[in-house]
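Next comes work26.csv, with CSV, C-alpha atoms and all ligand atoms.
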```
chain,number,residue,atom,x,y,z
R,1,MET,CA,192.7,8.4,-69.9
R,2,ASP,CA,189.9,6.0,-69.0
R,3,LEU,CA,188.2,4.1,-71.7
R,4,LYS,CA,184.9,6.1,-71.6
R,5,ALA,CA,186.8,9.4,-72.0
R,6,PHE,CA,188.9,8.0,-74.8
R,7,ILE,CA,185.9,6.9,-76.7
R,8,ARG,CA,184.2,10.2,-76.2
R,9,ARG,CA,187.3,12.1,-77.5
R,10,LEU,CA,187.4,10.1,-80.8
R,11,PRO,CA,185.7,12.1,-83.6
R,12,LYS,CA,183.3,9.8,-85.2
R,13,ALA,CA,180.4,9.6,-87.7
R,14,GLU,CA,177.2,7.9,-86.9
R,15,LEU,CA,175.9,6.3,-90.1
R,16,HIS,CA,173.1,4.0,-89.0
R,17,LEU,CA,170.6,5.8,-86.8
R,18,HIS,CA,166.8,5.8,-87.4
R,19,ILE,CA,165.6,9.1,-86.0
R,20,GLU,CA,162.3,7.5,-85.0
R,21,GLY,CA,164.4,5.1,-82.9
R,22,ALA,CA,165.8,8.0,-80.9
R,23,LEU,CA,162.3,8.6,-79.4
R,24,GLU,CA,162.9,8.1,-75.7
R,25,PRO,CA,159.8,7.1,-73.7
R,26,GLU,CA,159.9,10.4,-71.8
R,27,MET,CA,159.6,12.4,-75.0
R,28,MET,CA,157.0,9.9,-76.3
R,29,PHE,CA,154.8,10.7,-73.2
R,30,ASP,CA,155.4,14.5,-73.5
R,31,LEU,CA,154.4,14.5,-77.2
R,32,ALA,CA,151.4,12.2,-76.5
R,33,ARG,CA,150.2,14.8,-74.0
R,34,ARG,CA,151.0,17.7,-76.3
R,35,ASN,CA,149.2,16.1,-79.2
R,36,GLY,CA,146.4,14.3,-77.5
R,37,VAL,CA,147.5,10.9,-78.5
R,38,VAL,CA,146.6,7.9,-76.4
R,39,LEU,CA,149.5,5.4,-75.8
R,40,SER,CA,149.2,1.6,-75.2
R,41,TYR,CA,151.2,1.7,-72.0
R,42,PRO,CA,150.3,3.6,-68.9
R,43,SER,CA,153.7,5.0,-68.0
R,44,VAL,CA,157.3,5.6,-69.0
R,45,GLU,CA,158.4,2.6,-66.8
R,46,ALA,CA,155.8,0.3,-68.3
R,47,THR,CA,156.8,1.3,-71.8
R,48,ARG,CA,160.5,0.6,-71.1
R,49,ALA,CA,159.5,-2.7,-69.5
R,50,ALA,CA,157.8,-3.7,-72.9
R,51,TYR,CA,161.2,-3.4,-74.7
R,52,ALA,CA,162.0,-7.0,-74.4
R,53,PHE,CA,162.2,-8.1,-78.0
R,54,ARG,CA,162.3,-11.6,-79.5
R,55,ASP,CA,163.4,-10.6,-83.0
R,56,LEU,CA,163.3,-7.7,-85.4
R,57,GLN,CA,159.5,-7.9,-86.0
R,58,SER,CA,158.6,-7.8,-82.3
R,59,PHE,CA,160.7,-4.6,-82.1
R,60,LEU,CA,159.2,-3.1,-85.3
R,61,ASP,CA,155.6,-3.5,-84.0
R,62,ILE,CA,156.4,-1.4,-80.9
R,63,TYR,CA,158.6,1.1,-82.8
R,64,TYR,CA,155.9,1.9,-85.3
R,65,ALA,CA,153.3,2.3,-82.5
R,66,GLY,CA,155.6,4.7,-80.7
R,67,ALA,CA,156.0,6.9,-83.8
R,68,ALA,CA,152.2,7.7,-83.6
R,69,VAL,CA,153.0,10.6,-81.3
R,70,LEU,CA,154.9,12.4,-84.1
R,71,LEU,CA,152.5,14.7,-85.8
R,72,HIS,CA,153.8,18.3,-86.3
R,73,GLU,CA,156.9,19.8,-87.7
R,74,ARG,CA,158.0,20.8,-84.1
R,75,ASP,CA,157.7,17.1,-83.0
R,76,PHE,CA,160.2,16.0,-85.6
R,77,TYR,CA,162.4,19.0,-84.8
R,78,ASP,CA,162.4,18.2,-81.0
R,79,LEU,CA,163.1,14.5,-81.7
R,80,ALA,CA,166.1,15.2,-83.9
R,81,MET,CA,167.5,18.0,-81.6
R,82,ALA,CA,167.4,15.6,-78.7
R,83,TYR,CA,169.4,13.1,-80.7
R,84,PHE,CA,171.9,15.7,-81.8
R,85,HIS,CA,172.5,16.7,-78.2
R,86,ARG,CA,173.1,13.1,-77.2
R,87,ALA,CA,175.4,12.5,-80.2
R,88,ARG,CA,177.5,15.6,-79.5
R,89,ALA,CA,178.0,14.4,-75.9
R,90,ASP,CA,179.4,11.1,-77.4
R,91,GLY,CA,181.9,12.9,-79.7
R,92,VAL,CA,179.9,12.5,-82.9
R,93,VAL,CA,181.0,15.1,-85.5
R,94,HIS,CA,178.8,13.9,-88.3
R,95,ALA,CA,175.5,12.0,-88.5
R,96,GLU,CA,173.6,10.4,-91.4
R,97,LEU,CA,170.0,10.1,-90.2
R,98,PHE,CA,167.6,7.6,-91.5
R,99,PHE,CA,163.9,8.6,-91.6
R,100,ASP,CA,160.9,6.5,-92.5
R,101,PRO,CA,158.4,8.8,-94.3
R,102,GLN,CA,155.9,6.0,-94.9
R,103,THR,CA,155.4,5.5,-91.2
R,104,HIS,CA,154.2,9.1,-91.1
R,105,THR,CA,152.4,9.6,-94.4
R,106,ALA,CA,150.3,6.5,-93.6
R,107,ARG,CA,148.9,8.4,-90.6
R,108,GLY,CA,148.2,11.6,-92.6
R,109,VAL,CA,151.3,13.5,-91.7
R,110,ALA,CA,152.6,15.3,-94.8
R,111,PHE,CA,156.0,14.4,-96.2
R,112,GLU,CA,156.9,18.1,-96.1
R,113,THR,CA,156.1,18.3,-92.3
R,114,VAL,CA,158.6,15.4,-91.6
R,115,LEU,CA,161.3,16.8,-93.8
R,116,ALA,CA,160.9,20.4,-92.6
R,117,GLY,CA,161.3,19.4,-88.9
R,118,LEU,CA,164.3,17.2,-89.5
R,119,GLU,CA,165.9,19.8,-91.8
R,120,ARG,CA,165.5,22.7,-89.3
R,121,ALA,CA,167.0,20.5,-86.6
R,122,ALA,CA,170.0,19.6,-88.9
R,123,GLN,CA,170.6,23.3,-89.5
R,124,ASP,CA,170.4,24.2,-85.8
R,125,ALA,CA,172.6,21.2,-84.9
R,126,GLU,CA,175.3,22.6,-87.3
R,127,ALA,CA,175.0,26.2,-86.1
R,128,LEU,CA,174.6,25.6,-82.4
R,129,LEU,CA,176.3,22.3,-81.8
R,130,GLY,CA,178.8,22.1,-84.6
R,131,ILE,CA,177.5,18.7,-85.9
R,132,SER,CA,177.2,18.1,-89.6
R,133,SER,CA,174.5,15.8,-90.9
R,134,ARG,CA,172.7,14.4,-93.9
R,135,LEU,CA,169.2,12.9,-94.3
R,136,ILE,CA,168.7,9.4,-95.8
R,137,LEU,CA,165.1,8.5,-96.7
R,138,CYS,CA,164.3,4.8,-96.0
R,139,PHE,CA,161.7,2.8,-97.9
R,140,LEU,CA,159.8,0.3,-95.8
R,141,ARG,CA,160.5,-3.1,-97.4
R,142,HIS,CA,157.4,-4.8,-96.0
R,143,LEU,CA,155.3,-2.4,-98.2
R,144,SER,CA,155.1,-2.7,-102.0
R,145,GLU,CA,157.2,-1.4,-104.8
R,146,ALA,CA,154.3,0.8,-105.8
R,147,GLU,CA,154.2,2.3,-102.4
R,148,ALA,CA,157.9,3.0,-102.5
R,149,PHE,CA,157.5,4.7,-105.9
R,150,ALA,CA,154.7,6.8,-104.5
R,151,THR,CA,157.0,7.9,-101.6
R,152,LEU,CA,159.7,8.7,-104.1
R,153,GLU,CA,157.2,10.9,-106.0
R,154,LEU,CA,156.5,12.8,-102.7
R,155,ALA,CA,160.2,13.2,-102.2
R,156,ARG,CA,161.1,14.1,-105.8
R,157,PRO,CA,160.5,17.9,-105.5
R,158,HIS,CA,162.7,17.9,-102.4
R,159,HIS,CA,165.4,15.5,-103.7
R,160,HIS,CA,168.2,18.1,-103.2
R,161,ARG,CA,167.3,18.2,-99.5
R,162,ILE,CA,167.8,14.4,-99.2
R,163,HIS,CA,171.2,12.9,-99.6
R,164,GLY,CA,170.4,9.3,-100.1
R,165,VAL,CA,167.9,6.4,-99.8
R,166,GLY,CA,168.0,3.2,-97.8
R,167,LEU,CA,165.8,0.2,-97.2
R,168,ASP,CA,164.6,-0.9,-93.7
R,169,SER,CA,161.9,-2.8,-91.8
R,170,SER,CA,161.1,-6.5,-91.9
R,171,GLU,CA,164.0,-8.1,-93.8
R,172,GLN,CA,163.0,-11.8,-94.2
R,173,GLY,CA,160.8,-12.5,-97.2
R,174,HIS,CA,161.4,-9.0,-98.6
R,175,PRO,CA,164.6,-9.3,-100.6
R,176,PRO,CA,166.4,-6.2,-102.0
R,177,ALA,CA,165.5,-7.2,-105.6
R,178,LYS,CA,161.9,-6.2,-104.8
R,179,PHE,CA,163.1,-2.6,-105.0
R,180,GLU,CA,165.5,-2.8,-107.9
R,181,ARG,CA,163.5,-0.4,-110.1
R,182,VAL,CA,163.0,2.1,-107.3
R,183,PHE,CA,166.7,2.2,-106.5
R,184,ALA,CA,167.5,2.5,-110.2
R,185,CYS,CA,165.4,5.7,-110.3
R,186,CYS,CA,167.1,7.0,-107.1
R,187,HIS,CA,170.4,6.3,-108.7
R,188,ASP,CA,169.4,8.4,-111.7
R,189,LEU,CA,168.4,11.2,-109.4
R,190,GLY,CA,171.9,11.3,-108.0
R,191,LEU,CA,171.0,9.9,-104.6
R,192,ARG,CA,173.5,7.9,-102.5
R,193,LEU,CA,172.3,4.3,-102.0
R,194,VAL,CA,172.4,2.1,-98.9
R,195,ALA,CA,170.3,-0.9,-97.7
R,196,HIS,CA,169.8,-3.0,-94.6
R,197,ALA,CA,170.9,-6.5,-95.5
R,198,GLY,CA,172.3,-9.5,-93.6
R,199,GLU,CA,170.8,-8.5,-90.2
R,200,GLU,CA,168.3,-11.4,-90.0
R,201,GLY,CA,168.3,-12.1,-93.7
R,202,PRO,CA,170.8,-14.4,-95.5
R,203,PRO,CA,174.1,-13.4,-97.2
R,204,ALA,CA,172.2,-13.8,-100.5
R,205,TYR,CA,170.4,-10.5,-99.6
R,206,VAL,CA,173.8,-8.7,-99.3
R,207,TRP,CA,174.9,-10.0,-102.7
R,208,GLU,CA,171.5,-8.7,-104.1
R,209,ALA,CA,171.8,-5.3,-102.5
R,210,LEU,CA,175.2,-4.9,-104.1
R,211,ASP,CA,174.5,-6.3,-107.5
R,212,ARG,CA,170.9,-5.3,-108.1
R,213,LEU,CA,170.5,-2.1,-106.0
R,214,ARG,CA,174.1,-0.9,-106.5
R,215,ILE,CA,174.3,0.1,-102.9
R,216,GLU,CA,177.5,1.7,-101.5
R,217,ARG,CA,177.2,0.7,-97.8
R,218,ILE,CA,175.5,-2.3,-96.1
R,219,ASP,CA,173.5,-1.6,-93.0
R,220,HIS,CA,174.2,-4.4,-90.5
R,221,GLY,CA,175.6,-7.0,-92.8
R,222,VAL,CA,176.8,-9.2,-90.0
R,223,ARG,CA,175.5,-12.4,-91.6
R,224,ALA,CA,177.9,-11.8,-94.5
R,225,ALA,CA,180.5,-13.6,-92.3
R,226,GLU,CA,178.8,-16.9,-93.3
R,227,ASP,CA,179.9,-16.5,-96.9
R,228,PRO,CA,183.7,-16.3,-97.4
R,229,ALA,CA,183.4,-15.2,-101.0
R,230,LEU,CA,181.1,-12.3,-99.9
R,231,VAL,CA,183.5,-11.3,-97.2
R,232,ALA,CA,186.4,-11.3,-99.8
R,233,ARG,CA,184.3,-9.0,-102.1
R,234,LEU,CA,183.4,-6.6,-99.3
R,235,VAL,CA,187.1,-6.3,-98.4
R,236,ARG,CA,188.2,-6.0,-102.0
R,237,GLU,CA,185.6,-3.3,-102.9
R,238,ARG,CA,185.9,-1.7,-99.4
R,239,ILE,CA,182.1,-1.7,-98.9
R,240,PRO,CA,181.5,-0.5,-95.4
R,241,LEU,CA,179.2,-2.3,-92.9
R,242,THR,CA,177.3,-0.1,-90.4
R,243,VAL,CA,177.2,-2.5,-87.5
R,244,CYS,CA,175.0,-2.0,-84.4
R,245,PRO,CA,176.1,-4.2,-81.6
R,246,LEU,CA,173.5,-3.4,-78.9
R,247,SER,CA,170.7,-3.7,-81.5
R,248,ASN,CA,172.0,-7.1,-82.6
R,249,VAL,CA,171.9,-8.4,-79.0
R,250,ARG,CA,168.5,-6.9,-78.2
R,251,LEU,CA,167.0,-8.4,-81.4
R,252,ARG,CA,168.8,-11.7,-80.7
R,253,VAL,CA,171.0,-11.7,-83.8
R,254,PHE,CA,173.7,-12.7,-81.3
R,255,PRO,CA,173.1,-14.2,-77.9
R,256,ASP,CA,175.4,-11.7,-76.2
R,257,LEU,CA,178.0,-9.1,-77.0
R,258,ALA,CA,180.9,-11.4,-76.2
R,259,ARG,CA,179.7,-13.6,-79.1
R,260,HIS,CA,179.3,-10.7,-81.6
R,261,ASN,CA,181.4,-11.1,-84.7
R,262,LEU,CA,182.4,-7.5,-85.3
R,263,LYS,CA,186.0,-8.1,-84.0
R,264,GLN,CA,186.4,-11.0,-86.4
R,265,LEU,CA,185.0,-8.9,-89.3
R,266,LEU,CA,187.4,-6.1,-88.4
R,267,ASP,CA,190.3,-8.6,-88.2
R,268,ARG,CA,189.4,-9.9,-91.7
R,269,GLY,CA,189.9,-6.4,-93.1
R,270,LEU,CA,186.3,-5.3,-93.4
R,271,CYS,CA,185.4,-1.6,-93.1
R,272,VAL,CA,183.3,-2.0,-89.9
R,273,THR,CA,181.7,1.0,-88.3
R,274,LEU,CA,179.8,1.1,-85.0
R,275,ASN,CA,176.4,2.7,-84.6
R,276,SER,CA,173.3,2.8,-82.4
R,277,ASP,CA,170.4,1.9,-84.8
R,278,ASP,CA,167.5,2.8,-82.5
R,279,PRO,CA,169.2,4.0,-79.3
R,280,ALA,CA,166.0,4.7,-77.3
R,281,TYR,CA,165.0,1.1,-77.7
R,282,PHE,CA,168.3,-0.8,-77.6
R,283,GLY,CA,170.0,0.4,-74.5
R,284,GLY,CA,172.3,3.2,-75.6
R,285,TYR,CA,173.7,5.7,-78.0
R,286,ILE,CA,176.9,5.4,-80.0
R,287,GLY,CA,179.3,5.9,-77.1
R,288,GLN,CA,177.6,3.0,-75.2
R,289,ASN,CA,177.9,0.8,-78.2
R,290,PHE,CA,181.6,1.5,-78.4
R,291,LEU,CA,182.1,1.0,-74.7
R,292,GLU,CA,180.1,-2.2,-74.3
R,293,ALA,CA,181.6,-3.7,-77.4
R,294,ALA,CA,185.1,-2.8,-76.3
R,295,GLU,CA,184.6,-4.4,-72.9
R,296,ALA,CA,182.9,-7.6,-74.1
R,297,LEU,CA,185.3,-8.2,-77.0
R,298,GLY,CA,188.5,-6.8,-75.6
R,299,LEU,CA,188.9,-4.3,-78.3
R,300,SER,CA,192.2,-2.4,-78.2
R,301,ARG,CA,192.5,1.4,-78.4
R,302,SER,CA,193.9,0.9,-81.9
R,303,ASP,CA,190.7,-1.1,-82.8
R,304,LEU,CA,188.6,1.8,-81.5
R,305,VAL,CA,190.6,4.3,-83.5
R,306,THR,CA,190.1,2.1,-86.6
R,307,LEU,CA,186.4,1.9,-86.0
R,308,ALA,CA,186.2,5.7,-85.7
R,309,ARG,CA,188.4,6.2,-88.8
R,310,ASN,CA,186.3,3.8,-90.8
R,311,SER,CA,183.1,5.8,-89.9
R,312,LEU,CA,184.7,9.0,-91.2
R,313,GLN,CA,185.9,7.3,-94.3
R,314,ALA,CA,182.5,5.6,-94.9
R,315,SER,CA,180.5,8.8,-94.5
R,316,PHE,CA,179.1,10.6,-97.5
R,317,VAL,CA,180.9,13.9,-96.9
R,318,THR,CA,183.4,15.4,-99.2
R,319,ASP,CA,187.1,14.9,-98.7
R,320,ALA,CA,187.4,18.5,-97.7
R,321,GLU,CA,184.9,18.0,-94.9
R,322,ARG,CA,186.5,14.8,-93.8
R,323,ALA,CA,190.1,16.0,-93.6
R,324,PRO,CA,189.9,18.0,-90.3
R,325,TRP,CA,188.1,15.2,-88.5
R,326,LEU,CA,190.7,12.7,-89.7
R,327,ALA,CA,193.5,15.0,-88.5
R,328,GLN,CA,191.7,15.4,-85.1
R,329,LEU,CA,191.4,11.6,-84.9
R,330,GLU,CA,195.1,11.0,-85.4
R,331,THR,CA,195.8,13.5,-82.7
R,332,VAL,CA,193.6,11.7,-80.2
R,333,ALA,CA,195.1,8.3,-81.4
R,334,GLY,CA,198.6,9.7,-80.7
R,335,GLU,CA,197.6,10.6,-77.1
R,336,SER,CA,196.4,7.1,-76.1
M,1,LIG,N1,166.3,-3.2,-89.1
M,1,LIG,C1,165.3,-3.0,-89.9
M,1,LIG,N2,164.5,-2.0,-89.9
M,1,LIG,C2,164.6,-1.1,-88.9
M,1,LIG,C3,165.6,-1.3,-88.0
M,1,LIG,C4,166.5,-2.4,-88.1
M,1,LIG,O1,167.5,-2.6,-87.3
M,1,LIG,N3,165.5,-0.2,-87.1
M,1,LIG,C5,164.5,0.6,-87.5
M,1,LIG,N4,163.9,0.0,-88.6
M,2,ZN,ZN,168.6,-0.1,-88.8
```
Turn this file's structure into C-alpha cells for me.
Amino acid sequence: MDLKAFIRRLPKAELHLHIEGALEPEMMFDLARRNGVVLSYPSVEATRAAYAFRDLQSFLDIYYAGAAVLLHERDFYDLAMAYFHRARADGVVHAELFFDPQTHTARGVAFETVLAGLERAAQDAEALLGISSRLILCFLRHLSEAEAFATLELARPHHHRIHGVGLDSSEQGHPPAKFERVFACCHDLGLRLVAHAGEEGPPAYVWEALDRLRIERIDHGVRAAEDPALVARLVRERIPLTVCPLSNVRLRVFPDLARHNLKQLLDRGLCVTLNSDDPAYFGGYIGQNFLEAAEALGLSRSDLVTLARNSLQASFVTDAERAPWLAQLETVAGES
C-alpha cells in the first residue's frame, strides 16, 4: 500500500483545528458575495499569494480579517461542513474543533449564532459522514481577562454544548497566568482544559499552563524540547502535545520540515499527535501534515501508527467511543 493510502486508512482524531482556519479563499469569496462584505484582496489568487507569513502575528492579522465574512448561522454551518468533508477524506473519525467566539461577537455576531451553526454541522457530520466531534471554545489571549470572563458569561447558558476551553492568539507577552481565574471557573463548570503554549512562547509558558491553568493537553508545545525537566514531566504525566508541522513551518517556528523536532519528541516518549491547525492557511489538512512530516523526517509506518494511536488516546471521548477506533487502528497496523 502506498504511503498516502496507508495514512488515509489510519483512523485518527484531529485535536488542534481552528474552524475559522478552515476557511478556504474560495469560500471566503462566496460568503463575501452572499453577505455583501468587501475583502482586502481582489481575487482568490491574490488572497492565497498574501499567505506568506513571517510569524504568528502576521498570520493572525490576515486570519482575523478573513473571518469577517462569517455573519450568519448558515455561514458557520457551511464552514464546518466543508471541514468535516475534508477530514473524512483524510480518515478522521473524531475532531475536536476550536472556535474563537470573540472574533465574531466583536463584529456584532451573536454567540448563539456561531454555536448554532457549528453544532448543526457537528450533528450532520455525525449523521451523514459518521464523524464524531466536540467543540472547544478558545479565549483570545491578546484580549483582557475581563473580556474572557464576559465571553464565559455568554457561553455559560450553553456550557453543556461546549466540551472544553482553550487559549489561542498572540502568545508572546500573554502568559497563561493572565487567565488563571477564568480557567478556574471553567474547571468548576466541568469543562475540559487545553491551551496553546510553547509555539512561539518559552517553555515557562508550558509550565504555567500546567500548574496554573491545570490544562490536560498542550497545543503545539514544541518549545518544551528546550527544557529537559519539562519533557520529563510531560512524559511522566503523559500530557499530550497537539503538534502542527505545516503550521510550524509556515509561521517559521522551524525553518523547514526536515528540522522539525516532532520525531525527537516522539522518540523521547512524548504523546505527540499531528494536526492541521489552520489548514486553509498553512498548506494542507491532516493527511498532508502526516504525509509531508513522514517524508521529511523519514517516519516509519510504526511511527505513523503511534501518532494516530496517540490522537485517539489523547481525545476527550469516552473509552467506549475510543475502543472501536483503536481496534480498527490495530487492524490497519497489522496490514502494513
Ligand atoms: N496559534 C495561536 N493562535 C491561533 C493559531 C495558532 O497556531 N491558529 C489560530 N489561532
Ligand atoms: Zn492553533
* Return as a PyMOL selection string the residues of protein, DNA or RNA that approach ligand LIG 1 (chain M) to within 7 Å, with all atoms listed in the file taken into account. => chain R and resi 18+21+56+60+168-171+196+247+277-278
* To do: Around ligand ZN 2 (chain M), at most 12 Å away and counting all atoms listed in the file, which residues are there? Put them as a PyMOL selection string, please.
  => chain R and resi 14-22+56+59-60+63+96-100+136+138-140+166-171+194-200+218-221+241-248+251+274-279+281-282
Take the selection from the previous step and output its residues with C-alpha atoms, as a PDB file, in the coordinates of the input.
```pdb
ATOM      1  CA  GLU R  14     177.200   7.900 -86.900  1.00  0.00           C
ATOM      2  CA  LEU R  15     175.900   6.300 -90.100  1.00  0.00           C
ATOM      3  CA  HIS R  16     173.100   4.000 -89.000  1.00  0.00           C
ATOM      4  CA  LEU R  17     170.600   5.800 -86.800  1.00  0.00           C
ATOM      5  CA  HIS R  18     166.800   5.800 -87.400  1.00  0.00           C
ATOM      6  CA  ILE R  19     165.600   9.100 -86.000  1.00  0.00           C
ATOM      7  CA  GLU R  20     162.300   7.500 -85.000  1.00  0.00           C
ATOM      8  CA  GLY R  21     164.400   5.100 -82.900  1.00  0.00           C
ATOM      9  CA  ALA R  22     165.800   8.000 -80.900  1.00  0.00           C
ATOM     10  CA  LEU R  56     163.300  -7.700 -85.400  1.00  0.00           C
ATOM     11  CA  PHE R  59     160.700  -4.600 -82.100  1.00  0.00           C
ATOM     12  CA  LEU R  60     159.200  -3.100 -85.300  1.00  0.00           C
ATOM     13  CA  TYR R  63     158.600   1.100 -82.800  1.00  0.00           C
ATOM     14  CA  GLU R  96     173.600  10.400 -91.400  1.00  0.00           C
ATOM     15  CA  LEU R  97     170.000  10.100 -90.200  1.00  0.00           C
ATOM     16  CA  PHE R  98     167.600   7.600 -91.500  1.00  0.00           C
ATOM     17  CA  PHE R  99     163.900   8.600 -91.600  1.00  0.00           C
ATOM     18  CA  ASP R 100     160.900   6.500 -92.500  1.00  0.00           C
ATOM     19  CA  ILE R 136     168.700   9.400 -95.800  1.00  0.00           C
ATOM     20  CA  CYS R 138     164.300   4.800 -96.000  1.00  0.00           C
ATOM     21  CA  PHE R 139     161.700   2.800 -97.900  1.00  0.00           C
ATOM     22  CA  LEU R 140     159.800   0.300 -95.800  1.00  0.00           C
ATOM     23  CA  GLY R 166     168.000   3.200 -97.800  1.00  0.00           C
ATOM     24  CA  LEU R 167     165.800   0.200 -97.200  1.00  0.00           C
ATOM     25  CA  ASP R 168     164.600  -0.900 -93.700  1.00  0.00           C
ATOM     26  CA  SER R 169     161.900  -2.800 -91.800  1.00  0.00           C
ATOM     27  CA  SER R 170     161.100  -6.500 -91.900  1.00  0.00           C
ATOM     28  CA  GLU R 171     164.000  -8.100 -93.800  1.00  0.00           C
ATOM     29  CA  VAL R 194     172.400   2.100 -98.900  1.00  0.00           C
ATOM     30  CA  ALA R 195     170.300  -0.900 -97.700  1.00  0.00           C
ATOM     31  CA  HIS R 196     169.800  -3.000 -94.600  1.00  0.00           C
ATOM     32  CA  ALA R 197     170.900  -6.500 -95.500  1.00  0.00           C
ATOM     33  CA  GLY R 198     172.300  -9.500 -93.600  1.00  0.00           C
ATOM     34  CA  GLU R 199     170.800  -8.500 -90.200  1.00  0.00           C
ATOM     35  CA  GLU R 200     168.300 -11.400 -90.000  1.00  0.00           C
ATOM     36  CA  ILE R 218     175.500  -2.300 -96.100  1.00  0.00           C
ATOM     37  CA  ASP R 219     173.500  -1.600 -93.000  1.00  0.00           C
ATOM     38  CA  HIS R 220     174.200  -4.400 -90.500  1.00  0.00           C
ATOM     39  CA  GLY R 221     175.600  -7.000 -92.800  1.00  0.00           C
ATOM     40  CA  LEU R 241     179.200  -2.300 -92.900  1.00  0.00           C
ATOM     41  CA  THR R 242     177.300  -0.100 -90.400  1.00  0.00           C
ATOM     42  CA  VAL R 243     177.200  -2.500 -87.500  1.00  0.00           C
ATOM     43  CA  CYS R 244     175.000  -2.000 -84.400  1.00  0.00           C
ATOM     44  CA  PRO R 245     176.100  -4.200 -81.600  1.00  0.00           C
ATOM     45  CA  LEU R 246     173.500  -3.400 -78.900  1.00  0.00           C
ATOM     46  CA  SER R 247     170.700  -3.700 -81.500  1.00  0.00           C
ATOM     47  CA  ASN R 248     172.000  -7.100 -82.600  1.00  0.00           C
ATOM     48  CA  LEU R 251     167.000  -8.400 -81.400  1.00  0.00           C
ATOM     49  CA  LEU R 274     179.800   1.100 -85.000  1.00  0.00           C
ATOM     50  CA  ASN R 275     176.400   2.700 -84.600  1.00  0.00           C
ATOM     51  CA  SER R 276     173.300   2.800 -82.400  1.00  0.00           C
ATOM     52  CA  ASP R 277     170.400   1.900 -84.800  1.00  0.00           C
ATOM     53  CA  ASP R 278     167.500   2.800 -82.500  1.00  0.00           C
ATOM     54  CA  PRO R 279     169.200   4.000 -79.300  1.00  0.00           C
ATOM     55  CA  TYR R 281     165.000   1.100 -77.700  1.00  0.00           C
ATOM     56  CA  PHE R 282     168.300  -0.800 -77.600  1.00  0.00           C
TER      57      PHE R 282
END
```
* May I have the protein, DNA and RNA residues with any atom at most 12 Å from the point (186.2, -4.1, -93.1), counting all atoms listed in the file, written as JSON, numbers by chain? => {"R": [217, 218, 221, 222, 224, 225, 230, 231, 232, 233, 234, 235, 236, 237, 238, 239, 240, 241, 242, 243, 261, 262, 263, 264, 265, 266, 267, 268, 269, 270, 271, 272, 273, 274, 303, 306, 307, 309, 310, 311, 313, 314]}
Those same residues, written as a PDB file, in the frame of the given file with C-alpha atoms?
```
ATOM      1  CA  ARG R 217     177.200   0.700 -97.800  1.00  0.00           C
ATOM      2  CA  ILE R 218     175.500  -2.300 -96.100  1.00  0.00           C
ATOM      3  CA  GLY R 221     175.600  -7.000 -92.800  1.00  0.00           C
ATOM      4  CA  VAL R 222     176.800  -9.200 -90.000  1.00  0.00           C
ATOM      5  CA  ALA R 224     177.900 -11.800 -94.500  1.00  0.00           C
ATOM      6  CA  ALA R 225     180.500 -13.600 -92.300  1.00  0.00           C
ATOM      7  CA  LEU R 230     181.100 -12.300 -99.900  1.00  0.00           C
ATOM      8  CA  VAL R 231     183.500 -11.300 -97.200  1.00  0.00           C
ATOM      9  CA  ALA R 232     186.400 -11.300 -99.800  1.00  0.00           C
ATOM     10  CA  ARG R 233     184.300  -9.000-102.100  1.00  0.00           C
ATOM     11  CA  LEU R 234     183.400  -6.600 -99.300  1.00  0.00           C
ATOM     12  CA  VAL R 235     187.100  -6.300 -98.400  1.00  0.00           C
ATOM     13  CA  ARG R 236     188.200  -6.000-102.000  1.00  0.00           C
ATOM     14  CA  GLU R 237     185.600  -3.300-102.900  1.00  0.00           C
ATOM     15  CA  ARG R 238     185.900  -1.700 -99.400  1.00  0.00           C
ATOM     16  CA  ILE R 239     182.100  -1.700 -98.900  1.00  0.00           C
ATOM     17  CA  PRO R 240     181.500  -0.500 -95.400  1.00  0.00           C
ATOM     18  CA  LEU R 241     179.200  -2.300 -92.900  1.00  0.00           C
ATOM     19  CA  THR R 242     177.300  -0.100 -90.400  1.00  0.00           C
ATOM     20  CA  VAL R 243     177.200  -2.500 -87.500  1.00  0.00           C
ATOM     21  CA  ASN R 261     181.400 -11.100 -84.700  1.00  0.00           C
ATOM     22  CA  LEU R 262     182.400  -7.500 -85.300  1.00  0.00           C
ATOM     23  CA  LYS R 263     186.000  -8.100 -84.000  1.00  0.00           C
ATOM     24  CA  GLN R 264     186.400 -11.000 -86.400  1.00  0.00           C
ATOM     25  CA  LEU R 265     185.000  -8.900 -89.300  1.00  0.00           C
ATOM     26  CA  LEU R 266     187.400  -6.100 -88.400  1.00  0.00           C
ATOM     27  CA  ASP R 267     190.300  -8.600 -88.200  1.00  0.00           C
ATOM     28  CA  ARG R 268     189.400  -9.900 -91.700  1.00  0.00           C
ATOM     29  CA  GLY R 269     189.900  -6.400 -93.100  1.00  0.00           C
ATOM     30  CA  LEU R 270     186.300  -5.300 -93.400  1.00  0.00           C
ATOM     31  CA  CYS R 271     185.400  -1.600 -93.100  1.00  0.00           C
ATOM     32  CA  VAL R 272     183.300  -2.000 -89.900  1.00  0.00           C
ATOM     33  CA  THR R 273     181.700   1.000 -88.300  1.00  0.00           C
ATOM     34  CA  LEU R 274     179.800   1.100 -85.000  1.00  0.00           C
ATOM     35  CA  ASP R 303     190.700  -1.100 -82.800  1.00  0.00           C
ATOM     36  CA  THR R 306     190.100   2.100 -86.600  1.00  0.00           C
ATOM     37  CA  LEU R 307     186.400   1.900 -86.000  1.00  0.00           C
ATOM     38  CA  ARG R 309     188.400   6.200 -88.800  1.00  0.00           C
ATOM     39  CA  ASN R 310     186.300   3.800 -90.800  1.00  0.00           C
ATOM     40  CA  SER R 311     183.100   5.800 -89.900  1.00  0.00           C
ATOM     41  CA  GLN R 313     185.900   7.300 -94.300  1.00  0.00           C
ATOM     42  CA  ALA R 314     182.500   5.600 -94.900  1.00  0.00           C
TER      43      ALA R 314
END
```
* Structure fact -> Across R:Gly173, R:Pro228, R:Gly298, R:Gly164, the smallest distance to Gly190 of chain R, with all atoms listed in the file counted, is shown by R:Gly164
* To do: Give as a list in words every residue, naming chains and numbers as the document does, that has an atom within 12 Å of (157.5, 21.4, -94.1), counting all atoms listed in the file.
  => Leu71, His72, Glu73, Arg74, Asp75, Phe76, Tyr77, Val109, Ala110, Phe111, Glu112, Thr113, Val114, Leu115, Ala116, Gly117, Leu118, Glu119, Arg120, Ala155, His158 and Arg161 of chain R
